[in-house]
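Raw input.txt, compact mmCIF, N, CA and C atoms:
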```
# COMPACT_ATOMS: atom_id res chain seq x y z
N MET A 1 -37.92 -3.78 105.51
CA MET A 1 -36.96 -3.21 106.44
C MET A 1 -37.43 -3.38 107.88
N THR A 2 -38.73 -3.22 108.11
CA THR A 2 -39.23 -3.36 109.48
C THR A 2 -39.11 -4.79 109.97
N LEU A 3 -39.12 -5.76 109.04
CA LEU A 3 -38.96 -7.15 109.45
C LEU A 3 -37.55 -7.41 109.97
N LEU A 4 -36.58 -6.66 109.49
CA LEU A 4 -35.22 -6.81 109.98
C LEU A 4 -35.01 -6.09 111.32
N LYS A 5 -35.79 -5.01 111.54
CA LYS A 5 -35.61 -4.23 112.76
C LYS A 5 -36.20 -4.94 113.99
N ILE A 6 -37.24 -5.70 113.81
CA ILE A 6 -37.91 -6.32 114.95
C ILE A 6 -36.99 -7.28 115.71
N PRO A 7 -36.28 -8.20 115.04
CA PRO A 7 -35.36 -9.05 115.81
C PRO A 7 -34.22 -8.26 116.45
N LEU A 8 -33.76 -7.22 115.77
CA LEU A 8 -32.70 -6.40 116.35
C LEU A 8 -33.19 -5.66 117.59
N LYS A 9 -34.44 -5.21 117.57
CA LYS A 9 -35.00 -4.54 118.74
C LYS A 9 -35.17 -5.52 119.89
N ILE A 10 -35.54 -6.76 119.59
CA ILE A 10 -35.67 -7.77 120.63
C ILE A 10 -34.31 -8.07 121.26
N ILE A 11 -33.27 -8.08 120.45
CA ILE A 11 -31.92 -8.30 120.96
C ILE A 11 -31.42 -7.08 121.73
N ALA A 12 -31.79 -5.89 121.28
CA ALA A 12 -31.30 -4.65 121.91
C ALA A 12 -31.96 -4.37 123.25
N LEU A 13 -33.15 -4.92 123.49
CA LEU A 13 -33.85 -4.62 124.74
C LEU A 13 -33.09 -5.09 125.98
N PRO A 14 -32.65 -6.37 126.06
CA PRO A 14 -31.88 -6.73 127.26
C PRO A 14 -30.55 -6.00 127.38
N ILE A 15 -29.94 -5.68 126.24
CA ILE A 15 -28.69 -4.92 126.28
C ILE A 15 -28.95 -3.53 126.85
N ALA A 16 -30.05 -2.91 126.44
CA ALA A 16 -30.40 -1.59 126.95
C ALA A 16 -30.69 -1.64 128.44
N LEU A 17 -31.32 -2.68 128.91
CA LEU A 17 -31.59 -2.82 130.34
C LEU A 17 -30.29 -2.98 131.13
N ILE A 18 -29.36 -3.76 130.60
CA ILE A 18 -28.07 -3.95 131.26
C ILE A 18 -27.29 -2.64 131.29
N VAL A 19 -27.31 -1.91 130.19
CA VAL A 19 -26.61 -0.62 130.13
C VAL A 19 -27.26 0.38 131.10
N THR A 20 -28.58 0.34 131.24
CA THR A 20 -29.26 1.23 132.18
C THR A 20 -28.84 0.94 133.61
N VAL A 21 -28.79 -0.34 133.98
CA VAL A 21 -28.35 -0.71 135.33
C VAL A 21 -26.88 -0.32 135.54
N ALA A 22 -26.06 -0.52 134.53
CA ALA A 22 -24.64 -0.14 134.63
C ALA A 22 -24.51 1.38 134.80
N GLN A 23 -25.34 2.13 134.11
CA GLN A 23 -25.31 3.59 134.24
C GLN A 23 -25.70 4.01 135.66
N TRP A 24 -26.76 3.45 136.19
CA TRP A 24 -27.19 3.79 137.55
C TRP A 24 -26.13 3.41 138.58
N PHE A 25 -25.57 2.21 138.44
CA PHE A 25 -24.53 1.75 139.36
C PHE A 25 -23.29 2.64 139.27
N GLY A 26 -22.89 2.97 138.06
CA GLY A 26 -21.73 3.85 137.88
C GLY A 26 -21.98 5.25 138.42
N LEU A 27 -23.19 5.75 138.25
CA LEU A 27 -23.53 7.07 138.78
C LEU A 27 -23.48 7.07 140.30
N PHE A 28 -23.98 6.00 140.92
CA PHE A 28 -23.92 5.89 142.38
C PHE A 28 -22.47 5.85 142.86
N LEU A 29 -21.67 4.99 142.23
CA LEU A 29 -20.28 4.88 142.65
C LEU A 29 -19.50 6.17 142.41
N THR A 30 -19.78 6.83 141.31
CA THR A 30 -19.09 8.08 141.00
C THR A 30 -19.44 9.16 142.02
N SER A 31 -20.70 9.23 142.40
CA SER A 31 -21.11 10.23 143.39
C SER A 31 -20.49 9.94 144.75
N PHE A 32 -20.52 8.69 145.16
CA PHE A 32 -19.97 8.32 146.46
C PHE A 32 -18.46 8.52 146.47
N ALA A 33 -17.78 8.05 145.45
CA ALA A 33 -16.32 8.18 145.39
C ALA A 33 -15.92 9.64 145.21
N GLY A 34 -16.75 10.42 144.52
CA GLY A 34 -16.44 11.83 144.34
C GLY A 34 -16.33 12.57 145.66
N ALA A 35 -17.27 12.28 146.56
CA ALA A 35 -17.22 12.93 147.87
C ALA A 35 -15.94 12.56 148.62
N ILE A 36 -15.57 11.30 148.55
CA ILE A 36 -14.35 10.85 149.23
C ILE A 36 -13.11 11.48 148.60
N PHE A 37 -13.06 11.51 147.27
CA PHE A 37 -11.90 12.10 146.60
C PHE A 37 -11.80 13.60 146.84
N TYR A 38 -12.95 14.30 146.94
CA TYR A 38 -12.90 15.74 147.21
C TYR A 38 -12.34 16.00 148.61
N ILE A 39 -12.74 15.19 149.57
CA ILE A 39 -12.19 15.34 150.92
C ILE A 39 -10.69 15.05 150.90
N PHE A 40 -10.29 13.98 150.21
CA PHE A 40 -8.88 13.61 150.13
C PHE A 40 -8.06 14.71 149.46
N SER A 41 -8.57 15.27 148.38
CA SER A 41 -7.81 16.31 147.68
C SER A 41 -7.71 17.58 148.53
N GLY A 42 -8.75 17.89 149.29
CA GLY A 42 -8.67 19.03 150.19
C GLY A 42 -7.64 18.82 151.27
N LEU A 43 -7.59 17.61 151.81
CA LEU A 43 -6.57 17.30 152.82
C LEU A 43 -5.16 17.37 152.25
N CYS A 44 -4.99 16.88 151.03
CA CYS A 44 -3.67 16.97 150.38
C CYS A 44 -3.24 18.42 150.21
N PHE A 45 -4.18 19.27 149.80
CA PHE A 45 -3.86 20.68 149.61
C PHE A 45 -3.46 21.33 150.93
N VAL A 46 -4.27 21.10 151.96
CA VAL A 46 -3.98 21.71 153.26
C VAL A 46 -2.66 21.19 153.81
N LEU A 47 -2.42 19.88 153.71
CA LEU A 47 -1.16 19.32 154.21
C LEU A 47 0.04 19.85 153.43
N ALA A 48 -0.10 20.00 152.13
CA ALA A 48 1.01 20.49 151.33
C ALA A 48 1.36 21.92 151.70
N VAL A 49 0.35 22.75 151.82
CA VAL A 49 0.61 24.16 152.14
C VAL A 49 1.16 24.31 153.54
N LEU A 50 0.51 23.65 154.50
CA LEU A 50 0.97 23.80 155.89
C LEU A 50 2.35 23.18 156.13
N SER A 51 2.62 22.03 155.53
CA SER A 51 3.93 21.42 155.74
C SER A 51 5.04 22.26 155.10
N TYR A 52 4.74 22.91 153.98
CA TYR A 52 5.74 23.79 153.38
C TYR A 52 5.95 25.04 154.22
N LEU A 53 4.85 25.63 154.72
CA LEU A 53 4.97 26.85 155.51
C LEU A 53 5.66 26.59 156.85
N MET A 54 5.48 25.42 157.41
CA MET A 54 6.10 25.10 158.70
C MET A 54 7.51 24.53 158.54
N GLY A 55 7.95 24.32 157.31
CA GLY A 55 9.29 23.83 157.06
C GLY A 55 9.45 22.33 157.23
N ILE A 56 8.35 21.60 157.27
CA ILE A 56 8.42 20.15 157.43
C ILE A 56 8.82 19.48 156.11
N SER A 57 8.36 20.04 155.01
CA SER A 57 8.69 19.47 153.71
C SER A 57 9.34 20.53 152.83
N THR A 58 10.06 20.04 151.82
CA THR A 58 10.68 20.96 150.87
C THR A 58 9.65 21.37 149.82
N GLY A 59 10.07 22.27 148.97
CA GLY A 59 9.16 22.75 147.93
C GLY A 59 8.75 21.66 146.97
N SER A 60 9.68 20.77 146.59
CA SER A 60 9.34 19.71 145.64
C SER A 60 8.39 18.69 146.26
N GLU A 61 8.53 18.41 147.54
CA GLU A 61 7.61 17.50 148.21
C GLU A 61 6.20 18.10 148.30
N ALA A 62 6.15 19.40 148.56
CA ALA A 62 4.86 20.08 148.62
C ALA A 62 4.18 20.08 147.25
N VAL A 63 4.96 20.28 146.21
CA VAL A 63 4.40 20.25 144.86
C VAL A 63 3.89 18.85 144.53
N GLN A 64 4.62 17.83 144.95
CA GLN A 64 4.16 16.45 144.72
C GLN A 64 2.83 16.20 145.42
N MET A 65 2.68 16.70 146.64
CA MET A 65 1.41 16.53 147.35
C MET A 65 0.29 17.31 146.65
N LEU A 66 0.61 18.48 146.13
CA LEU A 66 -0.39 19.25 145.39
C LEU A 66 -0.81 18.54 144.11
N VAL A 67 0.13 17.90 143.43
CA VAL A 67 -0.19 17.15 142.22
C VAL A 67 -1.09 15.97 142.55
N VAL A 68 -0.80 15.27 143.64
CA VAL A 68 -1.64 14.15 144.06
C VAL A 68 -3.06 14.65 144.38
N GLY A 69 -3.16 15.78 145.05
CA GLY A 69 -4.46 16.36 145.35
C GLY A 69 -5.21 16.77 144.10
N PHE A 70 -4.48 17.33 143.12
CA PHE A 70 -5.12 17.73 141.87
C PHE A 70 -5.63 16.52 141.09
N VAL A 71 -4.84 15.47 141.06
CA VAL A 71 -5.27 14.24 140.36
C VAL A 71 -6.48 13.64 141.06
N ALA A 72 -6.45 13.61 142.39
CA ALA A 72 -7.60 13.08 143.14
C ALA A 72 -8.83 13.95 142.91
N PHE A 73 -8.64 15.25 142.74
CA PHE A 73 -9.78 16.14 142.46
C PHE A 73 -10.34 15.90 141.06
N GLY A 74 -9.48 15.56 140.10
CA GLY A 74 -9.92 15.39 138.72
C GLY A 74 -10.50 14.03 138.39
N LEU A 75 -10.22 13.02 139.19
CA LEU A 75 -10.72 11.67 138.90
C LEU A 75 -12.24 11.58 138.83
N PRO A 76 -13.01 12.21 139.73
CA PRO A 76 -14.47 12.13 139.58
C PRO A 76 -14.97 12.77 138.29
N PHE A 77 -14.27 13.77 137.78
CA PHE A 77 -14.68 14.38 136.52
C PHE A 77 -14.45 13.42 135.35
N ALA A 78 -13.34 12.69 135.39
CA ALA A 78 -13.09 11.69 134.35
C ALA A 78 -14.12 10.57 134.43
N ALA A 79 -14.46 10.15 135.64
CA ALA A 79 -15.49 9.12 135.79
C ALA A 79 -16.84 9.64 135.33
N GLY A 80 -17.13 10.90 135.57
CA GLY A 80 -18.37 11.50 135.08
C GLY A 80 -18.44 11.52 133.56
N TRP A 81 -17.31 11.73 132.92
CA TRP A 81 -17.28 11.69 131.45
C TRP A 81 -17.60 10.29 130.96
N VAL A 82 -17.04 9.27 131.61
CA VAL A 82 -17.32 7.89 131.22
C VAL A 82 -18.80 7.58 131.42
N ILE A 83 -19.37 8.02 132.53
CA ILE A 83 -20.79 7.81 132.77
C ILE A 83 -21.62 8.55 131.73
N GLY A 84 -21.18 9.70 131.29
CA GLY A 84 -21.87 10.43 130.22
C GLY A 84 -21.85 9.66 128.91
N MET A 85 -20.74 9.00 128.60
CA MET A 85 -20.68 8.18 127.39
C MET A 85 -21.61 6.97 127.50
N ILE A 86 -21.68 6.38 128.68
CA ILE A 86 -22.61 5.27 128.89
C ILE A 86 -24.05 5.75 128.76
N ALA A 87 -24.35 6.94 129.27
CA ALA A 87 -25.69 7.50 129.15
C ALA A 87 -26.04 7.78 127.69
N ALA A 88 -25.08 8.24 126.90
CA ALA A 88 -25.33 8.48 125.48
C ALA A 88 -25.60 7.17 124.75
N LEU A 89 -24.85 6.12 125.09
CA LEU A 89 -25.11 4.81 124.51
C LEU A 89 -26.49 4.30 124.90
N ASN A 90 -26.85 4.50 126.15
CA ASN A 90 -28.16 4.08 126.65
C ASN A 90 -29.28 4.81 125.90
N GLU A 91 -29.13 6.09 125.73
CA GLU A 91 -30.15 6.88 125.01
C GLU A 91 -30.27 6.42 123.56
N THR A 92 -29.15 6.13 122.94
CA THR A 92 -29.17 5.65 121.56
C THR A 92 -29.89 4.31 121.45
N LEU A 93 -29.61 3.41 122.39
CA LEU A 93 -30.29 2.11 122.38
C LEU A 93 -31.78 2.26 122.57
N TRP A 94 -32.20 3.09 123.52
CA TRP A 94 -33.64 3.26 123.75
C TRP A 94 -34.32 3.96 122.57
N ASP A 95 -33.63 4.89 121.93
CA ASP A 95 -34.20 5.50 120.72
C ASP A 95 -34.39 4.47 119.60
N PHE A 96 -33.43 3.57 119.46
CA PHE A 96 -33.57 2.52 118.46
C PHE A 96 -34.72 1.59 118.78
N ILE A 97 -34.87 1.26 120.05
CA ILE A 97 -35.96 0.36 120.44
C ILE A 97 -37.32 1.03 120.23
N LYS A 98 -37.43 2.32 120.51
CA LYS A 98 -38.70 3.02 120.36
C LYS A 98 -39.06 3.35 118.92
N SER A 99 -38.08 3.33 118.04
CA SER A 99 -38.34 3.73 116.64
C SER A 99 -39.08 2.65 115.88
```
I'd like the structure from this file rewritten - as structure tokens, please.
Amino acid sequence: MTLLKIPLKIIALPIALIVTVAQWFGLFLTSFAGAIFYIFSGLCFVLAVLSYLMGISTGSEAVQMLVVGFVAFGLPFAAGWVIGMIAALNETLWDFIKS
């Protein structure tokens, strides 16, 4: 059985390195984009509330802006979930290589 695992571990090593780099790159992009999306969602919220209170937009337009802000707020969390799945795959690959 160990004779079969050795070639698989040799094949899994470069894949694990690529997944590790992808995880780091995705984590960097998610963190950077998260800050931008949080600012954008805050601006959407403030604009929606103020434009409705000042009578510039109707209620349905304000709700649309709030929905856009909510989606922009939730996108970094979805990206974080994807990065978590990549991290789980990475951990599984490294456990296989170390075993």
Go through A:Leu13, A:Ala62, A:Ala48, A:Met85 and flag the residue nearest Lys98 (chain A), using only C-alpha atoms for the distances.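 Under the stated criterion, the closest residue is A:Leu13.
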Select, counting only N, CA and C atoms, all protein, DNA and RNA residues no farther than 8 Å from (-35.1, -4.4, 123.5) in file coordinates, and express the selection as a ChimeraX atom specification. /A:8-17,93-94,96-98
Among the residues A:Val68, A:Asp95, A:Ser57, A:Trp24, the one that comes closest to Gly80 (chain A) [using only C-alpha atoms]: A:Trp24
Nearest to Ala79 (chain A), chosen from A:Tyr52, A:Thr20, A:Ala33, A:Ser41, with only C-alpha atoms counted in the distances: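 Going through A:Tyr52, A:Thr20, A:Ala33, A:Ser41 one by one, the smallest distance to Ala79 (chain A) is for A:Ala33.
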Please report the interatomic distance between CA of Gly26 (chain A) and atom N of Ala87 (chain A) in Å with one decimal.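 Atom N of Ala87 (chain A) lies at a distance of 9.5 Å from CA of Gly26 (chain A).
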Counting all atoms listed in the file, what is within 6.5 Å of Gly69 (chain A), bar same-chain residues fewer than 3 positions away, as a PyMOL selection string? chain A and resi 40-42+44-45+64-66+72-74
Keeping only N, CA and C atoms, write the selected residues as a PDB file, in the coordinates of the input.
```
ATOM      1  N   PHE A  40     -10.290  13.980 150.210  1.00  0.00           N
ATOM      2  CA  PHE A  40      -8.880  13.610 150.130  1.00  0.00           C
ATOM      3  C   PHE A  40      -8.060  14.710 149.460  1.00  0.00           C
ATOM      4  N   SER A  41      -8.570  15.270 148.380  1.00  0.00           N
ATOM      5  CA  SER A  41      -7.810  16.310 147.680  1.00  0.00           C
ATOM      6  C   SER A  41      -7.710  17.580 148.530  1.00  0.00           C
ATOM      7  N   GLY A  42      -8.750  17.890 149.290  1.00  0.00           N
ATOM      8  CA  GLY A  42      -8.670  19.030 150.190  1.00  0.00           C
ATOM      9  C   GLY A  42      -7.640  18.820 151.270  1.00  0.00           C
ATOM     10  N   CYS A  44      -4.990  16.880 151.030  1.00  0.00           N
ATOM     11  CA  CYS A  44      -3.670  16.970 150.380  1.00  0.00           C
ATOM     12  C   CYS A  44      -3.240  18.420 150.210  1.00  0.00           C
ATOM     13  N   PHE A  45      -4.180  19.270 149.800  1.00  0.00           N
ATOM     14  CA  PHE A  45      -3.860  20.680 149.610  1.00  0.00           C
ATOM     15  C   PHE A  45      -3.460  21.330 150.930  1.00  0.00           C
ATOM     16  N   GLN A  64       4.620  17.830 144.950  1.00  0.00           N
ATOM     17  CA  GLN A  64       4.160  16.450 144.720  1.00  0.00           C
ATOM     18  C   GLN A  64       2.830  16.200 145.420  1.00  0.00           C
ATOM     19  N   MET A  65       2.680  16.700 146.640  1.00  0.00           N
ATOM     20  CA  MET A  65       1.410  16.530 147.350  1.00  0.00           C
ATOM     21  C   MET A  65       0.290  17.310 146.650  1.00  0.00           C
ATOM     22  N   LEU A  66       0.610  18.480 146.130  1.00  0.00           N
ATOM     23  CA  LEU A  66      -0.390  19.250 145.390  1.00  0.00           C
ATOM     24  C   LEU A  66      -0.810  18.540 144.110  1.00  0.00           C
ATOM     25  N   ALA A  72      -6.450  13.610 142.390  1.00  0.00           N
ATOM     26  CA  ALA A  72      -7.600  13.080 143.140  1.00  0.00           C
ATOM     27  C   ALA A  72      -8.830  13.950 142.910  1.00  0.00           C
ATOM     28  N   PHE A  73      -8.640  15.250 142.740  1.00  0.00           N
ATOM     29  CA  PHE A  73      -9.780  16.140 142.460  1.00  0.00           C
ATOM     30  C   PHE A  73     -10.340  15.900 141.060  1.00  0.00           C
ATOM     31  N   GLY A  74      -9.480  15.560 140.100  1.00  0.00           N
ATOM     32  CA  GLY A  74      -9.920  15.390 138.720  1.00  0.00           C
ATOM     33  C   GLY A  74     -10.500  14.030 138.390  1.00  0.00           C
TER      34      GLY A  74
END
```
